[in-house]
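S.K.: Just dropping this structure here.
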Amino acid sequence: MRVLGFNLPPYDSVVLIRIGEREERIESIEDLERLCKLLREELQKERCQYHSWYIRISPERLFALLKKAYVKYTQGVIDVSSVIAEFLDENKLSRSLSRTITPTLSSLGITTSGKFTAIAVEIGRLFHEGKIEEAKARFRELVYRNCILKEVIEKTSDCSELEKAVTNVLTAYGKSIRFDELKYTAELLKFIHPKCENCDFRCITPEKISACVERLIQLLTPHMRELFEKLDISLLPEHLDFVNTDSSTFIIGVKGTEKHIGLVLIGNPIESADLQQLKNALARLEEKIAEGVYEVYVKILPILEGGEKCKSVKLLLEVVRGDLERVSKFIKLSS
């Protein structure tokens with residue numbers, strides 16, 4: 001059987017498809033369909049479609065409206081103006097607010113041709129069911145389709161710089177900025193921007209791990225010390241600085257000096273502790289290790305566990321000495 005150009009494997013075999021740094025296991029038609037959906041979403045995320053910018057309502061009101069849109073959709077009502085009117089009446093708000101709500105929905109790709117889009121209804125459903133992390137992830141996809149908001153996010157390296165980035169980008173587009181537009185845009189982006197995540201690791205997502213790698217290293221420092229001592233590495237983690245070169249690599253330096261002694265290598269999160277998947281993920285990190293180049297390498301591999309609504313993370317921590325002698329351990333994070 002042939003689906004979307006792929007030959008499906010026999011029922012007793014597994015196909016591993018590598019996408020960048022990530023590996024996907026294909027064992028069934030369902031796995032293939034899931035992969036195709038993931039690839040479509042990634043491609044859509046890369047493209048921005050909307051060039052207008054108009055956000056004049058608060059995130060709380062926007063998300064409440066999306067929940068309302070989902071409820072009305074289940075009742076067969078898809079007309080945007082009807083949903084907005086009922087929402088305003090229920091909340092004892094003036095119907096004149098529809099003049100600011102309607103263009104906001106349009107600029108975010110929430111509505112088209114007078115109807116709520118499928119992704120907007122889905123986000124409303126997720127909020128309605130209390131699946132906040134999933135709703136945020138889906139809403140992030142919408143935001144990335146707006147070219148202006150996408151540019152703001154890409155130019156924000158720290159959450160504290162968000163309002164400044166909004167101002168700079170909009171000014172560059174020749175926009176005269178209203179205070180409420182700046183406020184609501186910044187609040188909306190803070191809600192979905194990975195850099196603004198609360199790094200508590202209790203309900204974890206791959207995006208949160210990527211945004212919180214500094215906190216991750218901080219929490220792992222006592223465990224690193226244990227493994228350093230097992231390998232008789234004289235310099236301990238508390239004497240070291242960790243400076244990121246990108247989201248998955250940190251240079252290890254000695255505090256108070258310019259001496260670099262190693263690397264911290266962080267793998268992309270995997271969804272299970274399947275032995276082969278672990279081996280493949282570790283092998284990709286191993287490609288960056290060479291004998292005699294540095295005194296120490298630290299490999300960190302996040303493993304997501306639990307249900308879809310709230311995942312926890314377990315970490316495989318491995319310390320590799322310059323002569324390639326190594327020790328490792330699993331660590332369960334709870335905060």
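Chain labels A, B, ... are given in the sequence in which chains occur in the structure tokens; within each chain residues are numbered consecutively from 1, and ligands are likewise numbered from 1 in the order shown.
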Pick out each residue of region 32-228 of chain A that DSSP on the backbone tags as helix (DSSP H, G or I); I need them as JSON, numbers by chain.

M.R.: {"A": [32, 33, 34, 35, 36, 37, 38, 39, 40, 41, 42, 43, 44, 45, 46, 59, 60, 61, 62, 63, 64, 65, 66, 67, 68, 69, 70, 71, 72, 73, 74, 80, 81, 82, 83, 84, 85, 86, 87, 88, 89, 90, 95, 96, 97, 98, 99, 100, 101, 102, 103, 104, 105, 106, 107, 118, 119, 120, 121, 122, 123, 124, 125, 126, 127, 128, 132, 133, 134, 135, 136, 137, 138, 139, 140, 141, 142, 143, 144, 147, 148, 149, 150, 151, 152, 153, 154, 159, 160, 161, 162, 163, 164, 165, 166, 167, 168, 169, 170, 171, 172, 179, 180, 181, 182, 183, 184, 185, 186, 187, 188, 189, 190, 191, 192, 194, 195, 196, 206, 207, 208, 209, 210, 211, 213, 214, 215, 216, 217, 218, 219, 220, 221, 222, 223, 224, 225, 226, 227, 228]}

S.K.: Produce a file of the selected residues containing C-alpha atoms, as a compact mmCIF listing (two decimals), in the first residue's frame.

M.R.:
```txt
# COMPACT_ATOMS: atom_id res chain seq x y z
CA LEU A 32 2.35 8.10 9.11
CA GLU A 33 -0.76 10.27 9.23
CA ARG A 34 0.48 11.86 12.46
CA LEU A 35 3.85 12.59 10.85
CA CYS A 36 2.21 14.14 7.79
CA LYS A 37 0.09 16.37 10.03
CA LEU A 38 3.21 17.41 11.95
CA LEU A 39 5.07 18.27 8.74
CA ARG A 40 2.13 20.31 7.45
CA GLU A 41 2.03 22.27 10.69
CA GLU A 42 5.77 22.91 10.60
CA LEU A 43 5.57 24.15 7.02
CA GLN A 44 2.65 26.42 7.84
CA LYS A 45 4.53 27.76 10.85
CA GLU A 46 7.44 28.81 8.64
CA PRO A 59 -5.76 38.34 25.52
CA GLU A 60 -8.23 37.29 28.24
CA ARG A 61 -11.17 38.67 26.27
CA LEU A 62 -9.84 37.18 23.04
CA PHE A 63 -9.50 33.69 24.53
CA ALA A 64 -12.93 33.93 26.15
CA LEU A 65 -14.35 34.81 22.74
CA LEU A 66 -12.63 31.78 21.19
CA LYS A 67 -14.22 29.55 23.82
CA LYS A 68 -17.56 31.11 22.96
CA ALA A 69 -16.92 30.53 19.26
CA TYR A 70 -16.32 26.83 19.93
CA VAL A 71 -19.50 26.47 21.99
CA LYS A 72 -21.56 28.20 19.30
CA TYR A 73 -19.90 26.05 16.63
CA THR A 74 -21.16 22.93 18.42
CA VAL A 80 -18.69 35.77 13.40
CA SER A 81 -20.93 38.80 13.92
CA SER A 82 -23.59 36.71 15.68
CA VAL A 83 -21.04 35.16 18.04
CA ILE A 84 -19.45 38.53 18.82
CA ALA A 85 -22.83 40.16 19.48
CA GLU A 86 -23.89 37.38 21.86
CA PHE A 87 -20.49 37.45 23.60
CA LEU A 88 -20.73 41.21 24.17
CA ASP A 89 -24.30 40.97 25.44
CA GLU A 90 -23.44 38.16 27.87
CA ARG A 95 -21.74 46.26 20.90
CA SER A 96 -19.61 49.11 19.57
CA LEU A 97 -16.60 47.06 20.70
CA SER A 98 -17.18 44.83 17.69
CA ARG A 99 -15.44 47.57 15.69
CA THR A 100 -12.18 46.73 17.47
CA ILE A 101 -12.77 43.00 17.89
CA THR A 102 -13.51 42.21 14.24
CA PRO A 103 -10.25 43.57 12.71
CA THR A 104 -8.25 41.98 15.55
CA LEU A 105 -9.68 38.56 14.70
CA SER A 106 -8.99 39.10 11.02
CA SER A 107 -5.37 40.19 11.47
CA ALA A 118 -10.99 25.72 11.81
CA ILE A 119 -7.88 26.39 13.88
CA ALA A 120 -9.72 29.13 15.82
CA VAL A 121 -12.51 26.70 16.69
CA GLU A 122 -9.93 24.10 17.71
CA ILE A 123 -8.15 26.60 19.97
CA GLY A 124 -11.50 27.51 21.49
CA ARG A 125 -12.15 23.83 22.18
CA LEU A 126 -8.77 23.42 23.88
CA PHE A 127 -9.39 26.44 26.10
CA HIS A 128 -12.90 25.16 26.83
CA ILE A 132 -4.02 25.47 28.20
CA GLU A 133 -0.58 24.32 27.02
CA GLU A 134 -2.03 22.77 23.88
CA ALA A 135 -4.11 25.88 23.25
CA LYS A 136 -1.02 28.06 23.60
CA ALA A 137 0.90 25.88 21.15
CA ARG A 138 -1.87 26.09 18.56
CA PHE A 139 -2.30 29.82 19.11
CA ARG A 140 1.44 30.24 18.61
CA GLU A 141 0.96 28.78 15.12
CA LEU A 142 -1.60 31.48 14.38
CA VAL A 143 0.70 34.22 15.61
CA TYR A 144 3.52 32.96 13.41
CA CYS A 147 4.37 38.45 9.48
CA ILE A 148 4.62 41.44 11.82
CA LEU A 149 4.08 39.45 15.03
CA LYS A 150 6.44 36.74 13.78
CA GLU A 151 9.12 39.38 13.30
CA VAL A 152 8.56 40.71 16.83
CA ILE A 153 9.02 37.23 18.31
CA GLU A 154 12.13 36.55 16.25
CA CYS A 159 10.87 38.41 27.66
CA SER A 160 11.71 41.71 29.33
CA GLU A 161 12.50 43.19 25.89
CA LEU A 162 9.12 42.33 24.38
CA GLU A 163 7.47 45.76 24.55
CA LYS A 164 10.59 47.38 23.13
CA ALA A 165 10.63 44.87 20.27
CA VAL A 166 6.95 45.55 19.53
CA THR A 167 7.64 49.29 19.41
CA ASN A 168 10.72 48.92 17.20
CA VAL A 169 9.08 46.60 14.68
CA LEU A 170 5.88 48.61 14.39
CA THR A 171 7.82 51.86 14.07
CA ALA A 172 9.85 50.29 11.26
CA PHE A 179 -0.95 52.71 24.02
CA ASP A 180 -3.67 50.05 24.12
CA GLU A 181 -2.33 48.38 20.97
CA LEU A 182 1.17 48.19 22.44
CA LYS A 183 -0.17 46.89 25.75
CA TYR A 184 -2.43 44.20 24.29
CA THR A 185 0.12 43.08 21.69
CA ALA A 186 2.82 42.67 24.33
CA GLU A 187 0.42 40.82 26.66
CA LEU A 188 -0.64 38.47 23.89
CA LEU A 189 2.93 37.68 22.87
CA LYS A 190 4.00 37.19 26.48
CA PHE A 191 1.32 34.55 26.81
CA ILE A 192 2.61 32.45 23.93
CA PRO A 194 8.57 30.56 24.71
CA LYS A 195 10.98 33.06 26.28
CA CYS A 196 8.23 34.13 28.69
CA PRO A 206 9.39 20.96 24.01
CA GLU A 207 9.07 24.74 23.61
CA LYS A 208 9.35 25.27 27.36
CA ILE A 209 12.47 23.11 27.52
CA SER A 210 14.04 25.12 24.71
CA ALA A 211 13.18 28.39 26.47
CA VAL A 213 17.75 25.58 29.14
CA GLU A 214 19.63 27.89 31.53
CA ARG A 215 17.30 26.86 34.36
CA LEU A 216 17.70 23.23 33.30
CA ILE A 217 21.48 23.42 33.61
CA GLN A 218 21.14 25.15 36.98
CA LEU A 219 18.95 22.33 38.32
CA LEU A 220 21.35 19.71 37.01
CA THR A 221 24.48 21.23 38.56
CA PRO A 222 24.43 19.03 41.73
CA HIS A 223 24.05 15.93 39.56
CA MET A 224 26.88 17.08 37.30
CA ARG A 225 29.10 17.43 40.37
CA GLU A 226 28.40 13.82 41.32
CA LEU A 227 29.37 12.59 37.85
CA PHE A 228 32.41 14.89 37.66
```

S.K.: Counting only C-alpha atoms, which residues in region 285-306 of chain A sit no more than 6 Å from region 312-331 of chain A? For each one, give the nearest pair of atoms and the distance in Å, sorted by chain then residue number, as CSV.

M.R.:
```
residue,atom,partner,partner_atom,distance
A:Glu291,CA,A:Asp323,CA,5.5
A:Gly292,CA,A:Gly322,CA,5.2
A:Tyr294,CA,A:Gly322,CA,5.6
A:Glu295,CA,A:Gly322,CA,4.3
A:Val296,CA,A:Arg321,CA,4.5
A:Tyr297,CA,A:Val320,CA,5.0
A:Val298,CA,A:Val319,CA,4.6
A:Lys299,CA,A:Glu318,CA,5.0
A:Ile300,CA,A:Leu317,CA,4.8
A:Leu301,CA,A:Leu316,CA,5.1
A:Pro302,CA,A:Leu315,CA,4.6
A:Ile303,CA,A:Lys314,CA,5.1
A:Leu304,CA,A:Val313,CA,4.7
A:Glu305,CA,A:Ser312,CA,5.3
```

S.K.: How about saving the chosen residues, N, CA and C atoms kept, as a tab-separated table (two decimals), in the first residue's frame?

M.R.:
```tsv
chain	number	residue	atom	x	y	z
A	291	GLU	N	37.74	13.20	20.91
A	291	GLU	CA	38.73	12.92	21.95
A	291	GLU	C	39.85	13.96	21.94
A	292	GLY	N	40.16	14.47	23.13
A	292	GLY	CA	41.30	15.36	23.28
A	292	GLY	C	41.05	16.82	22.95
A	294	TYR	N	38.37	18.82	24.18
A	294	TYR	CA	37.99	19.48	25.43
A	294	TYR	C	38.23	18.53	26.59
A	295	GLU	N	38.23	19.09	27.80
A	295	GLU	CA	38.42	18.27	29.00
A	295	GLU	C	37.15	17.53	29.40
A	296	VAL	N	35.99	18.10	29.05
A	296	VAL	CA	34.74	17.49	29.48
A	296	VAL	C	33.60	17.87	28.53
A	297	TYR	N	32.70	16.93	28.35
A	297	TYR	CA	31.45	17.17	27.63
A	297	TYR	C	30.30	16.75	28.54
A	298	VAL	N	29.23	17.52	28.50
A	298	VAL	CA	28.03	17.17	29.27
A	298	VAL	C	26.88	17.02	28.28
A	299	LYS	N	26.30	15.84	28.25
A	299	LYS	CA	25.16	15.59	27.36
A	299	LYS	C	23.88	15.55	28.19
A	300	ILE	N	22.86	16.26	27.72
A	300	ILE	CA	21.56	16.29	28.40
A	300	ILE	C	20.49	15.92	27.39
A	301	LEU	N	19.74	14.87	27.70
A	301	LEU	CA	18.68	14.43	26.80
A	301	LEU	C	17.35	14.42	27.55
A	302	PRO	N	16.43	15.33	27.22
A	302	PRO	CA	15.11	15.35	27.87
A	302	PRO	C	14.20	14.25	27.31
A	303	ILE	N	13.48	13.60	28.22
A	303	ILE	CA	12.54	12.55	27.85
A	303	ILE	C	11.17	12.92	28.42
A	304	LEU	N	10.20	13.15	27.56
A	304	LEU	CA	8.87	13.55	28.00
A	304	LEU	C	8.04	12.32	28.35
A	305	GLU	N	7.31	12.43	29.45
A	305	GLU	CA	6.49	11.31	29.93
A	305	GLU	C	5.12	11.82	30.35
```

S.K.: Quick one: DSSP strand (DSSP E) residues in region 58-239 of chain A, as a PDB file with C-alpha atoms, in the first residue's frame?

M.R.:
```pdb
ATOM      1  CA  THR A 111     -11.735  34.643  11.011  1.00  0.00           C
ATOM      2  CA  THR A 112     -12.095  34.664   7.263  1.00  0.00           C
ATOM      3  CA  LYS A 115     -16.605  32.776   9.715  1.00  0.00           C
ATOM      4  CA  PHE A 116     -14.269  31.443  12.372  1.00  0.00           C
TER       5      PHE A 116
END
```

S.K.: Which is closest to His51 (chain A) among A:Ile26, A:Leu108, A:Ile78, A:Val264, if we use only C-alpha atoms?

M.R.: A:Leu108

S.K.: So the first atom is CA of Lys259 (chain A) and the second is CA of Asp241 (chain A); what is the distance between them in Å, to one decimal place?

M.R.: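 That distance, rounded to one decimal, is 10.2 Å.
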